[in-house]
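Reading through the structure tokens given below for one structure.
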Amino acid sequence: MSAQEEILQEVTIKFAGDSGDGMQLTGTQFTNNTALMGIDLATFPDFPAEIRAPIGTLAGVSGYQLHFSSKKVYTPGDIADVLVVMNAAALKVNIKSLKPGGKIVANIDGFDSKNLRLAHYPDGINPLEDGSLDNYEVIKIDVTKLTREALKDFKELGVKERDRAKNMFVLGFIYWMYNRTLDTTIDFLKDKFGKKEIILQSNIKVLQAGYNYGDTTETFTSRYTIEKAKLPSGSYRNIMGNAALAMGLVAAGEKSGLTLFLGSYPITPATDILQDLSKYKSFGVKTFQAEDEIAAISSAIGASYGGLLGITTTSGPGMALKAEAMGLAVMLEIPLVIVNVQRGGPSTGLPTKTEQSDLMQAYYGRNGECPMPVIASSTPSDCFDVAYEASRIAVQHMTPVILLSDGYIANGAEPWKYPVSADLQPIDVKYKTKLDEGEETFLPYKRDEKLVRPWAIPGTAGFEHRIGGLEKQDLTGAVSYDTDNHQHMIKTRQAKVDKIADYIPLQKIDSGAEKGKVLVLGWGSTYGAIKSAVLELQAQGLSVSHAHLRYIRPFPKNLGEMIKNFDKILIPEINNGQLVKIIRDQYLVDAKAFNKMMGIPITKGELIDVIKGML
Amino acid sequence: MSETLTAPTLTAKDFANDNEVRWCPGCGDYSILAQVQKIMPTIGVPKEDVVVISGIGCSSRFPYYMNTFGMHSIHGRATAIASGLKAARPELSVWIVTGDGDSLSIGGNHTIHLLRRNFDVNVLLFNNQIYGLTKGQYSPTSEEHKLTKTSPYGSIDHPFNPLALAMGADATFVARSMDRDPKHLQQTLTRANQHKGTSFVEIYQNCSIFNDGAFEIFTEKGSKLEETLFLESGQPLIFGTNKNKGIKLDGFTPVVVELGNGVSADDLWIHDDKDFYKAQILVRMFDDPRKANHLPRPFGVFYETERPCYEEVMALQIEEVIASKGKGNLDKLLRGNEVWDIA
């Protein structure tokens, strides 16, 4: 017997199970395998804030969505074609995100009476048996039983340990379903369990058992192949947003010749960056896990004052705590990169869910007139470029810079045509070590044509000077309470940030005409959804264009002009309308907002409906 | 011709600058500034390598009056900023100037973490037991029942014992001195600077406007000898106008004994600043001098020990990783472990 082979253009698959079922691992393994096939993809991990919510409950469901295609992929997919569920709760939580007629791969063992009760199904009702899933193709597998069976010769392993390999069975089966080989996961297992031979062998055994189950069972009629995507030529790797961001910072350190210093305090979903940079000691990176968010940014300020590239990474609540120190950095006019991987707020909010609701905080959230550049990353791989650019702006313009990412791109993955270090634009930095011609004394707040003051670091003889948070006398940096000077310095600090617009690229239209009916203007992680919605509408011949902002403060110089070329402006955001307020304020246009605050990304389908409503 | 190049000899004046010192007349800060400037030329550090970091409060104006690098930062965070600076630039001589509100109230958290990490920096805690810059509210070291603008019926806060707090945070150098004893202050600061690790020096500092005389019982001639106990390692704990009293340990309890009548210096507690357990008792000699039968207040170096400094271990770890893995290669990092090519 052989299953029927079918070629598909794209698939969205969602793996869902209990937090302890290893669905994130299953998802990332399938993702890496897919990436190495040269198939384009985007992912969306979706997990609860609790590390282990009670087993089997709705709160404990962890999901991992992957959209892969032989065409260019921009989003993790609005709706799944295939849903893999390890228990009843996973089915209940995710059935609404499966398209009608989609496939369900269900672990029967996860639908026993206890699991059904925990998932709040009424007594005696099992969705796998009652016909409620008749509109779907349900593939029922007793994963637990088959896993235990596969491991019957592994007598050293207890039942608990055997059951832990269940996700490998599912992964093996999905590999079969999509015509893959097991190599990448076997390599991964060797790397992970190399020293624990029994665990390694048992996992491989179950993985193979899952694959063979597909191969030998006649129930399944189809196997699917997705061909390589036609991406621009080059070398690719798979990358997640936080990993890319950490690498962008390392690259900036290397290309500026500055040692990187990260002061950080663990916080979801930004912690990975601290963890990654802690590993990169061979690059001389200094990481300091501070006692709190305030110490984290303060230590980075201390390091920057000492001539290093100071970085701090956090999420919304941490940003709130860092606000006063950001003000100090603005006053000191020293380089600093502040990374905010946004999450649902306010307060503790939704730590593991995504949101773009800290834009106003980044823009205005400090005491006094306290302008800081704000830039935002839009995709996982874009986090690299934006981290590099934030560092460049910080050291070349002697200013703290806020970099906004969010939970969705931080944990999402995509193929990345990674750069070669030689192609990265060098970041020139100069410390002040001698007086220029005609200079008689050192003036710490004397500015150059960019309105940037000199960086004279401790240890430089003859340049001893004092700085601080009190208002500065222009030029000398001495404490000044002079009324005219204060007004002058406020205006100057603002002008300095505004002037960065002269040193960043002009805004480009991402897709569509330069003039037209609707411009969809986005920032951050809505990129993929806007891009795919707009492309689809353009294909229908509709007059829609898309522009996506990386530089939010200051805006590119041509943005106002660009906006005026469209009849209507739509600004979709995962917040209650923040960029839209700034755009209205700066350009006096009647921009429309589309806002979704559900802790999940905006979908292509939602946007298509909204845009069509405006045409 | 031969000319020997020697570093110019600096004096206290070289560490002062043209800024007009603006503390209130009679403020204890003047003396502390003078003593710091006096010892600076003797510590063997080039002026450009000295950095003074302060937080907010009267004492925190200090960096402006030092002709070195300096930062007047934000309230409570001098310790955290100095931590980052020292981690970044271990070769610098970093001095933290802070007050009782700055380091024990708003910045209390950073203070204890600085101490446990043991950065090689010097902390000068100007303790005046009052909020001076905001004009007279009780501080975390103000005594109970104190009448201030925010405690018009008496403070109900129990005060911190700063040195006990430092010991609790595993400080490696714990000392107390006072503004009114310049010589002792210079000696203490010199030893603090010599110590490798975080040196925590509490300095009793008189606020002449909002808490005048808070420490006069310890600092003024009439009572000083009876109320204070100056510690010297290897020496017995003797005090009193006629050096006629001493401290003896009765179990774990220090008691005052009169010398003579069969009691000699040999019977007294001999100070050993390396003794961790006895230092715990010593810092607890913190009686309210208004109470009867109180113990004298000790001054000097209570405790000193060695422990690796954070910045050194940090640098060492980086060296070790580079030695074992080689210097980081950016292209290798960017490439990762698994790549594929698209033609």
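Going by the structure tokens order, chains are called A, B, ..., each with residues numbered from 1, while ligands are numbered from 1 in the order shown.
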Once you count only C-alpha atoms, which residues of chain B turn out to be within 6 Å of chain A? Could you give them as a compact mmCIF listing (two decimals) with N, CA, C and O atoms, in the first residue's frame?
```txt
# COMPACT_ATOMS: atom_id res chain seq x y z
N GLU B 48 42.44 61.73 36.57
CA GLU B 48 41.45 61.42 35.53
C GLU B 48 40.83 60.03 35.70
O GLU B 48 39.85 59.71 35.05
N ASP B 49 41.43 59.24 36.58
CA ASP B 49 40.88 57.91 36.81
C ASP B 49 39.94 57.86 38.02
O ASP B 49 39.42 56.80 38.37
N THR B 68 37.42 66.05 39.43
CA THR B 68 37.64 64.73 38.85
C THR B 68 36.46 64.47 37.90
O THR B 68 35.66 65.36 37.67
N PHE B 69 36.37 63.28 37.36
CA PHE B 69 35.14 62.92 36.67
C PHE B 69 34.05 62.72 37.72
O PHE B 69 34.35 62.28 38.85
N GLY B 70 32.82 63.05 37.37
CA GLY B 70 31.77 62.91 38.36
C GLY B 70 30.38 62.91 37.75
O GLY B 70 30.17 63.45 36.66
N MET B 71 29.49 62.28 38.45
CA MET B 71 28.10 62.28 38.00
C MET B 71 27.16 62.47 39.20
O MET B 71 27.23 61.74 40.17
N HIS B 72 26.32 63.47 39.08
CA HIS B 72 25.26 63.72 40.05
C HIS B 72 24.02 63.07 39.45
O HIS B 72 23.42 63.62 38.54
N SER B 73 23.69 61.89 39.91
CA SER B 73 22.69 61.11 39.16
C SER B 73 21.29 61.30 39.72
O SER B 73 20.89 62.42 40.01
N ALA B 80 23.85 51.83 41.76
CA ALA B 80 23.60 51.01 40.57
C ALA B 80 24.41 51.54 39.38
O ALA B 80 24.96 50.77 38.59
N ILE B 81 24.47 52.86 39.26
CA ILE B 81 25.24 53.46 38.16
C ILE B 81 26.73 53.13 38.34
O ILE B 81 27.42 52.75 37.40
N ALA B 82 27.19 53.26 39.58
CA ALA B 82 28.59 52.95 39.86
C ALA B 82 28.90 51.48 39.59
O ALA B 82 29.98 51.14 39.11
N SER B 83 27.93 50.60 39.85
CA SER B 83 28.13 49.17 39.57
C SER B 83 28.39 48.96 38.09
O SER B 83 29.31 48.23 37.70
N GLY B 84 27.56 49.60 37.26
CA GLY B 84 27.74 49.47 35.81
C GLY B 84 29.06 50.05 35.35
O GLY B 84 29.77 49.47 34.52
N LEU B 85 29.41 51.20 35.91
CA LEU B 85 30.67 51.85 35.52
C LEU B 85 31.87 50.98 35.90
O LEU B 85 32.79 50.78 35.12
N ALA B 88 32.16 48.01 33.79
CA ALA B 88 32.61 48.39 32.46
C ALA B 88 34.10 48.75 32.47
O ALA B 88 34.84 48.41 31.55
N ILE B 318 35.01 36.15 31.11
CA ILE B 318 35.08 36.45 29.67
C ILE B 318 36.40 35.93 29.11
O ILE B 318 36.44 35.28 28.06
N VAL B 321 36.27 32.15 28.76
CA VAL B 321 35.45 31.70 27.62
C VAL B 321 36.21 31.91 26.32
O VAL B 321 36.24 31.03 25.45
N ILE B 322 36.87 33.06 26.21
CA ILE B 322 37.63 33.33 24.98
C ILE B 322 38.79 32.34 24.85
O ILE B 322 39.07 31.82 23.77
N LYS B 327 38.03 33.76 20.24
CA LYS B 327 37.32 35.02 20.18
C LYS B 327 36.10 34.88 19.29
O LYS B 327 36.13 34.16 18.31
N GLY B 328 35.03 35.53 19.66
CA GLY B 328 33.79 35.40 18.92
C GLY B 328 33.95 35.79 17.45
O GLY B 328 34.62 36.77 17.13
N ASP B 331 30.52 36.28 11.90
CA ASP B 331 29.90 35.55 10.79
C ASP B 331 29.41 34.17 11.20
O ASP B 331 28.38 33.71 10.75
N VAL B 339 21.87 25.98 8.04
CA VAL B 339 21.55 26.93 6.97
C VAL B 339 21.17 26.17 5.71
O VAL B 339 21.45 24.98 5.58
N TRP B 340 20.51 26.84 4.81
CA TRP B 340 20.24 26.26 3.50
C TRP B 340 20.42 27.35 2.44
O TRP B 340 20.31 28.52 2.76
N ASP B 341 20.75 26.91 1.27
CA ASP B 341 21.01 27.87 0.19
C ASP B 341 19.89 27.85 -0.82
O ASP B 341 19.34 26.81 -1.14
N ILE B 342 19.58 29.02 -1.30
CA ILE B 342 18.61 29.12 -2.38
C ILE B 342 19.34 29.73 -3.57
O ILE B 342 19.98 30.78 -3.44
N ALA B 343 19.31 29.02 -4.66
CA ALA B 343 20.08 29.45 -5.83
C ALA B 343 19.38 30.59 -6.54
O ALA B 343 18.16 30.73 -6.47
```
For this session: Excluding Lys72 in chain A and any residue of its chain fewer than 4 positions from it, enumerate the residues within 10 Å of it, using only C-alpha atoms, and give them as a list of chain:residue names.
Result: A:Glu10, A:Ile39, A:Asp40, A:Leu41, A:Ala42, A:Phe68, A:Ala229, A:Lys230, A:Leu231, A:Ser532
Exercise. Counting only C-alpha atoms, what is within 8 Å of Ala252 in chain A, bar same-chain residues fewer than 6 positions away, as a list of chain:residue names?
Worked result: A:Ala387, A:Tyr388, A:Ser391, A:Arg392, A:Ile427
Exercise. Within 6 Å of Gly55 in chain B, counting only C-alpha atoms, which residues qualify if same-chain residues fewer than 3 places away don't, as number ranges by chain?
Worked result: B: 60, 72-78
10 Å contact set for Leu98 in chain A, only C-alpha atoms, chain neighbours under 5 positions out, as a PDB file with N, CA, C and O atoms, in the first residue's frame:
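Full text of selection05.pdb as output:
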```pdb
ATOM      1  N   THR A  12      -1.241  25.718   7.021  1.00  0.00           N
ATOM      2  CA  THR A  12      -1.091  26.246   8.372  1.00  0.00           C
ATOM      3  C   THR A  12      -1.430  25.123   9.335  1.00  0.00           C
ATOM      4  O   THR A  12      -2.515  24.536   9.249  1.00  0.00           O
ATOM      5  N   ILE A  13      -0.485  24.809  10.200  1.00  0.00           N
ATOM      6  CA  ILE A  13      -0.692  23.722  11.146  1.00  0.00           C
ATOM      7  C   ILE A  13      -0.572  24.273  12.557  1.00  0.00           C
ATOM      8  O   ILE A  13       0.266  25.147  12.814  1.00  0.00           O
ATOM      9  N   LYS A  14      -1.416  23.795  13.436  1.00  0.00           N
ATOM     10  CA  LYS A  14      -1.296  24.225  14.834  1.00  0.00           C
ATOM     11  C   LYS A  14      -1.145  23.004  15.726  1.00  0.00           C
ATOM     12  O   LYS A  14      -1.955  22.075  15.654  1.00  0.00           O
ATOM     13  N   ASP A  78      -4.030  32.979   9.292  1.00  0.00           N
ATOM     14  CA  ASP A  78      -5.217  33.390  10.050  1.00  0.00           C
ATOM     15  C   ASP A  78      -5.869  32.185  10.703  1.00  0.00           C
ATOM     16  O   ASP A  78      -6.329  32.237  11.834  1.00  0.00           O
ATOM     17  N   ILE A  79      -5.935  31.083   9.945  1.00  0.00           N
ATOM     18  CA  ILE A  79      -6.730  29.944  10.376  1.00  0.00           C
ATOM     19  C   ILE A  79      -6.003  28.666   9.959  1.00  0.00           C
ATOM     20  O   ILE A  79      -5.350  28.626   8.925  1.00  0.00           O
ATOM     21  N   ALA A  80      -6.098  27.653  10.806  1.00  0.00           N
ATOM     22  CA  ALA A  80      -5.292  26.453  10.579  1.00  0.00           C
ATOM     23  C   ALA A  80      -5.968  25.487   9.617  1.00  0.00           C
ATOM     24  O   ALA A  80      -7.201  25.373   9.581  1.00  0.00           O
ATOM     25  N   ASP A  81      -5.156  24.791   8.832  1.00  0.00           N
ATOM     26  CA  ASP A  81      -5.652  23.698   7.991  1.00  0.00           C
ATOM     27  C   ASP A  81      -5.622  22.393   8.777  1.00  0.00           C
ATOM     28  O   ASP A  81      -6.403  21.491   8.521  1.00  0.00           O
ATOM     29  N   VAL A  82      -4.638  22.309   9.675  1.00  0.00           N
ATOM     30  CA  VAL A  82      -4.447  21.085  10.438  1.00  0.00           C
ATOM     31  C   VAL A  82      -4.306  21.451  11.910  1.00  0.00           C
ATOM     32  O   VAL A  82      -3.574  22.384  12.245  1.00  0.00           O
ATOM     33  N   LEU A  83      -5.016  20.736  12.743  1.00  0.00           N
ATOM     34  CA  LEU A  83      -4.915  20.974  14.177  1.00  0.00           C
ATOM     35  C   LEU A  83      -4.514  19.670  14.856  1.00  0.00           C
ATOM     36  O   LEU A  83      -5.211  18.662  14.712  1.00  0.00           O
ATOM     37  N   LEU A  91      -8.374  20.767  22.149  1.00  0.00           N
ATOM     38  CA  LEU A  91      -9.373  20.819  21.074  1.00  0.00           C
ATOM     39  C   LEU A  91     -10.376  21.940  21.334  1.00  0.00           C
ATOM     40  O   LEU A  91     -10.668  22.745  20.465  1.00  0.00           O
ATOM     41  N   LYS A 103      -8.204  19.264   9.038  1.00  0.00           N
ATOM     42  CA  LYS A 103      -7.867  17.978   9.637  1.00  0.00           C
ATOM     43  C   LYS A 103      -7.605  18.152  11.131  1.00  0.00           C
ATOM     44  O   LYS A 103      -6.963  19.121  11.549  1.00  0.00           O
ATOM     45  N   ILE A 104      -8.067  17.166  11.895  1.00  0.00           N
ATOM     46  CA  ILE A 104      -7.731  17.139  13.317  1.00  0.00           C
ATOM     47  C   ILE A 104      -6.969  15.852  13.578  1.00  0.00           C
ATOM     48  O   ILE A 104      -7.447  14.766  13.223  1.00  0.00           O
ATOM     49  N   TYR A 136     -15.122  18.000   9.971  1.00  0.00           N
ATOM     50  CA  TYR A 136     -13.662  17.958   9.887  1.00  0.00           C
ATOM     51  C   TYR A 136     -13.218  16.542   9.575  1.00  0.00           C
ATOM     52  O   TYR A 136     -13.969  15.585   9.759  1.00  0.00           O
TER      53      TYR A 136
END
```
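Summary of the local environment: counting only C-alpha atoms, residues at most 6 Å from range 127-139 of chain B, other than itself and those fewer than 3 positions away along its chain, are Gly57, Cys58, Gly99, Asp100, Gly101, Ser142, Thr148, Lys149, Thr150, Ile203, Tyr204, Gln205, Asn206, Cys207 and Phe210 of chain B.
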Dump N, CA, C and O atoms for the selected residues as a CSV table (one decimal), in the first residue's frame?
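again_21.csv, freshly written:
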```
chain,number,residue,atom,x,y,z
B,57,GLY,N,20.3,64.5,47.1
B,57,GLY,CA,20.3,64.9,48.5
B,57,GLY,C,21.4,66.0,48.6
B,57,GLY,O,22.2,66.2,47.7
B,58,CYS,N,21.5,66.5,49.8
B,58,CYS,CA,22.5,67.6,50.0
B,58,CYS,C,23.9,67.0,49.7
B,58,CYS,O,24.7,67.6,49.0
B,99,GLY,N,23.6,59.6,50.9
B,99,GLY,CA,23.1,60.0,52.2
B,99,GLY,C,22.2,58.9,52.8
B,99,GLY,O,22.0,57.9,52.1
B,100,ASP,N,21.6,59.2,54.0
B,100,ASP,CA,20.8,58.2,54.6
B,100,ASP,C,19.5,57.9,53.8
B,100,ASP,O,19.0,56.8,53.7
B,101,GLY,N,18.9,59.0,53.3
B,101,GLY,CA,17.7,58.8,52.5
B,101,GLY,C,18.1,58.1,51.2
B,101,GLY,O,17.4,57.2,50.7
B,142,SER,N,16.5,58.3,61.3
B,142,SER,CA,16.0,59.2,62.4
B,142,SER,C,15.6,58.3,63.6
B,142,SER,O,15.0,57.2,63.4
B,148,THR,N,9.6,66.0,63.5
B,148,THR,CA,10.0,66.7,62.2
B,148,THR,C,8.7,67.2,61.6
B,148,THR,O,7.6,67.0,62.1
B,149,LYS,N,8.9,67.8,60.4
B,149,LYS,CA,7.7,68.3,59.7
B,149,LYS,C,6.7,67.3,59.3
B,149,LYS,O,5.6,67.5,59.2
B,150,THR,N,7.2,66.0,59.1
B,150,THR,CA,6.3,65.0,58.7
B,150,THR,C,6.0,64.0,59.9
B,150,THR,O,5.3,63.0,59.7
B,203,ILE,N,29.4,57.9,57.7
B,203,ILE,CA,30.0,59.1,58.3
B,203,ILE,C,28.9,59.9,59.0
B,203,ILE,O,28.0,60.3,58.3
B,204,TYR,N,29.0,60.1,60.3
B,204,TYR,CA,28.1,60.9,61.0
B,204,TYR,C,28.3,62.4,60.6
B,204,TYR,O,29.4,62.9,60.7
B,205,GLN,N,27.3,63.0,60.1
B,205,GLN,CA,27.4,64.3,59.5
B,205,GLN,C,26.3,65.2,60.0
B,205,GLN,O,25.2,64.9,60.0
B,206,ASN,N,26.8,66.3,60.6
B,206,ASN,CA,25.8,67.2,61.2
B,206,ASN,C,25.1,68.1,60.2
B,206,ASN,O,25.7,68.7,59.3
B,207,CYS,N,23.8,68.1,60.3
B,207,CYS,CA,23.0,69.0,59.5
B,207,CYS,C,22.7,70.2,60.4
B,207,CYS,O,21.9,70.1,61.3
B,210,PHE,N,18.6,71.5,60.0
B,210,PHE,CA,17.4,70.7,60.3
B,210,PHE,C,17.6,69.6,61.3
B,210,PHE,O,16.6,69.0,61.7
```
Exercise. Can you tell me, as a ChimeraX atom specification, what residues are no more than 9 Å from Arg553 in chain A when counting only C-alpha atoms, ignoring any on the same chain fewer than 3 positions away?
Worked result: /A:363,371-375,497-498,500-501,556
Would you save the residues from that selection as a PDB file, in the first residue's frame, using N, CA, C and O atoms?
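Generated file (again_32.pdb):
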```
ATOM      1  N   TYR A 363       6.937  57.306  23.652  1.00  0.00           N
ATOM      2  CA  TYR A 363       6.944  58.663  23.101  1.00  0.00           C
ATOM      3  C   TYR A 363       6.977  59.725  24.199  1.00  0.00           C
ATOM      4  O   TYR A 363       7.731  60.673  24.149  1.00  0.00           O
ATOM      5  N   PRO A 371      12.451  64.209  25.022  1.00  0.00           N
ATOM      6  CA  PRO A 371      12.351  63.493  23.741  1.00  0.00           C
ATOM      7  C   PRO A 371      13.431  62.430  23.568  1.00  0.00           C
ATOM      8  O   PRO A 371      14.583  62.652  23.912  1.00  0.00           O
ATOM      9  N   MET A 372      13.013  61.286  23.073  1.00  0.00           N
ATOM     10  CA  MET A 372      13.953  60.207  22.761  1.00  0.00           C
ATOM     11  C   MET A 372      13.565  59.589  21.432  1.00  0.00           C
ATOM     12  O   MET A 372      12.380  59.443  21.151  1.00  0.00           O
ATOM     13  N   PRO A 373      14.544  59.177  20.639  1.00  0.00           N
ATOM     14  CA  PRO A 373      14.227  58.470  19.400  1.00  0.00           C
ATOM     15  C   PRO A 373      13.538  57.146  19.710  1.00  0.00           C
ATOM     16  O   PRO A 373      13.872  56.485  20.693  1.00  0.00           O
ATOM     17  N   VAL A 374      12.575  56.793  18.859  1.00  0.00           N
ATOM     18  CA  VAL A 374      11.856  55.524  19.007  1.00  0.00           C
ATOM     19  C   VAL A 374      11.898  54.801  17.670  1.00  0.00           C
ATOM     20  O   VAL A 374      11.548  55.385  16.637  1.00  0.00           O
ATOM     21  N   ILE A 375      12.352  53.552  17.674  1.00  0.00           N
ATOM     22  CA  ILE A 375      12.290  52.779  16.451  1.00  0.00           C
ATOM     23  C   ILE A 375      11.696  51.403  16.749  1.00  0.00           C
ATOM     24  O   ILE A 375      11.740  50.939  17.885  1.00  0.00           O
ATOM     25  N   VAL A 497      17.028  65.587  18.639  1.00  0.00           N
ATOM     26  CA  VAL A 497      16.318  64.359  18.273  1.00  0.00           C
ATOM     27  C   VAL A 497      15.668  64.511  16.897  1.00  0.00           C
ATOM     28  O   VAL A 497      15.748  63.618  16.051  1.00  0.00           O
ATOM     29  N   ASP A 498      15.068  65.684  16.658  1.00  0.00           N
ATOM     30  CA  ASP A 498      14.444  65.921  15.351  1.00  0.00           C
ATOM     31  C   ASP A 498      15.460  65.803  14.221  1.00  0.00           C
ATOM     32  O   ASP A 498      15.164  65.336  13.132  1.00  0.00           O
ATOM     33  N   ILE A 500      17.825  63.892  13.829  1.00  0.00           N
ATOM     34  CA  ILE A 500      18.158  62.516  13.420  1.00  0.00           C
ATOM     35  C   ILE A 500      17.471  62.190  12.097  1.00  0.00           C
ATOM     36  O   ILE A 500      17.958  61.380  11.310  1.00  0.00           O
ATOM     37  N   ALA A 501      16.353  62.868  11.824  1.00  0.00           N
ATOM     38  CA  ALA A 501      15.632  62.650  10.562  1.00  0.00           C
ATOM     39  C   ALA A 501      16.543  62.883   9.351  1.00  0.00           C
ATOM     40  O   ALA A 501      16.321  62.311   8.284  1.00  0.00           O
ATOM     41  N   PRO A 556      10.431  59.756   9.357  1.00  0.00           N
ATOM     42  CA  PRO A 556      11.175  60.131   8.152  1.00  0.00           C
ATOM     43  C   PRO A 556      10.613  61.456   7.605  1.00  0.00           C
ATOM     44  O   PRO A 556       9.402  61.713   7.711  1.00  0.00           O
TER      45      PRO A 556
END
```
For this session: Within range 270-424 of chain A, find each residue whose DSSP state, derived from the backbone, is alpha helix (DSSP H), and express the selection as a PyMOL selection string.
Result: chain A and resi 271-279+293-305+316-332+359-364+382-396+407-411
Exercise. Using only C-alpha atoms, which of the listed residues (B:Asp287, B:Asp14, B:Glu202, B:Glu320) sits closest to Thr98 in chain B?
Worked result: B:Glu202
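With CA of His294 in chain B on one side and CA of Asp266 in chain B on the other, the separation reads 22.9 Å.
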For this session: Rank nothing, just name the residue among B:Arg176, B:Lys196, B:Lys332, B:His113 nearest to Pro298 in chain B, using only C-alpha atoms.
Result: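 Residue with the minimum atom-to-atom distance to Pro298 in chain B: B:Arg176.
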Exercise. By how many Å are CA of Asp273 in chain B and CA of Asn261 in chain B apart?
Worked result: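 Here the two named atoms are 28.8 Å from each other.
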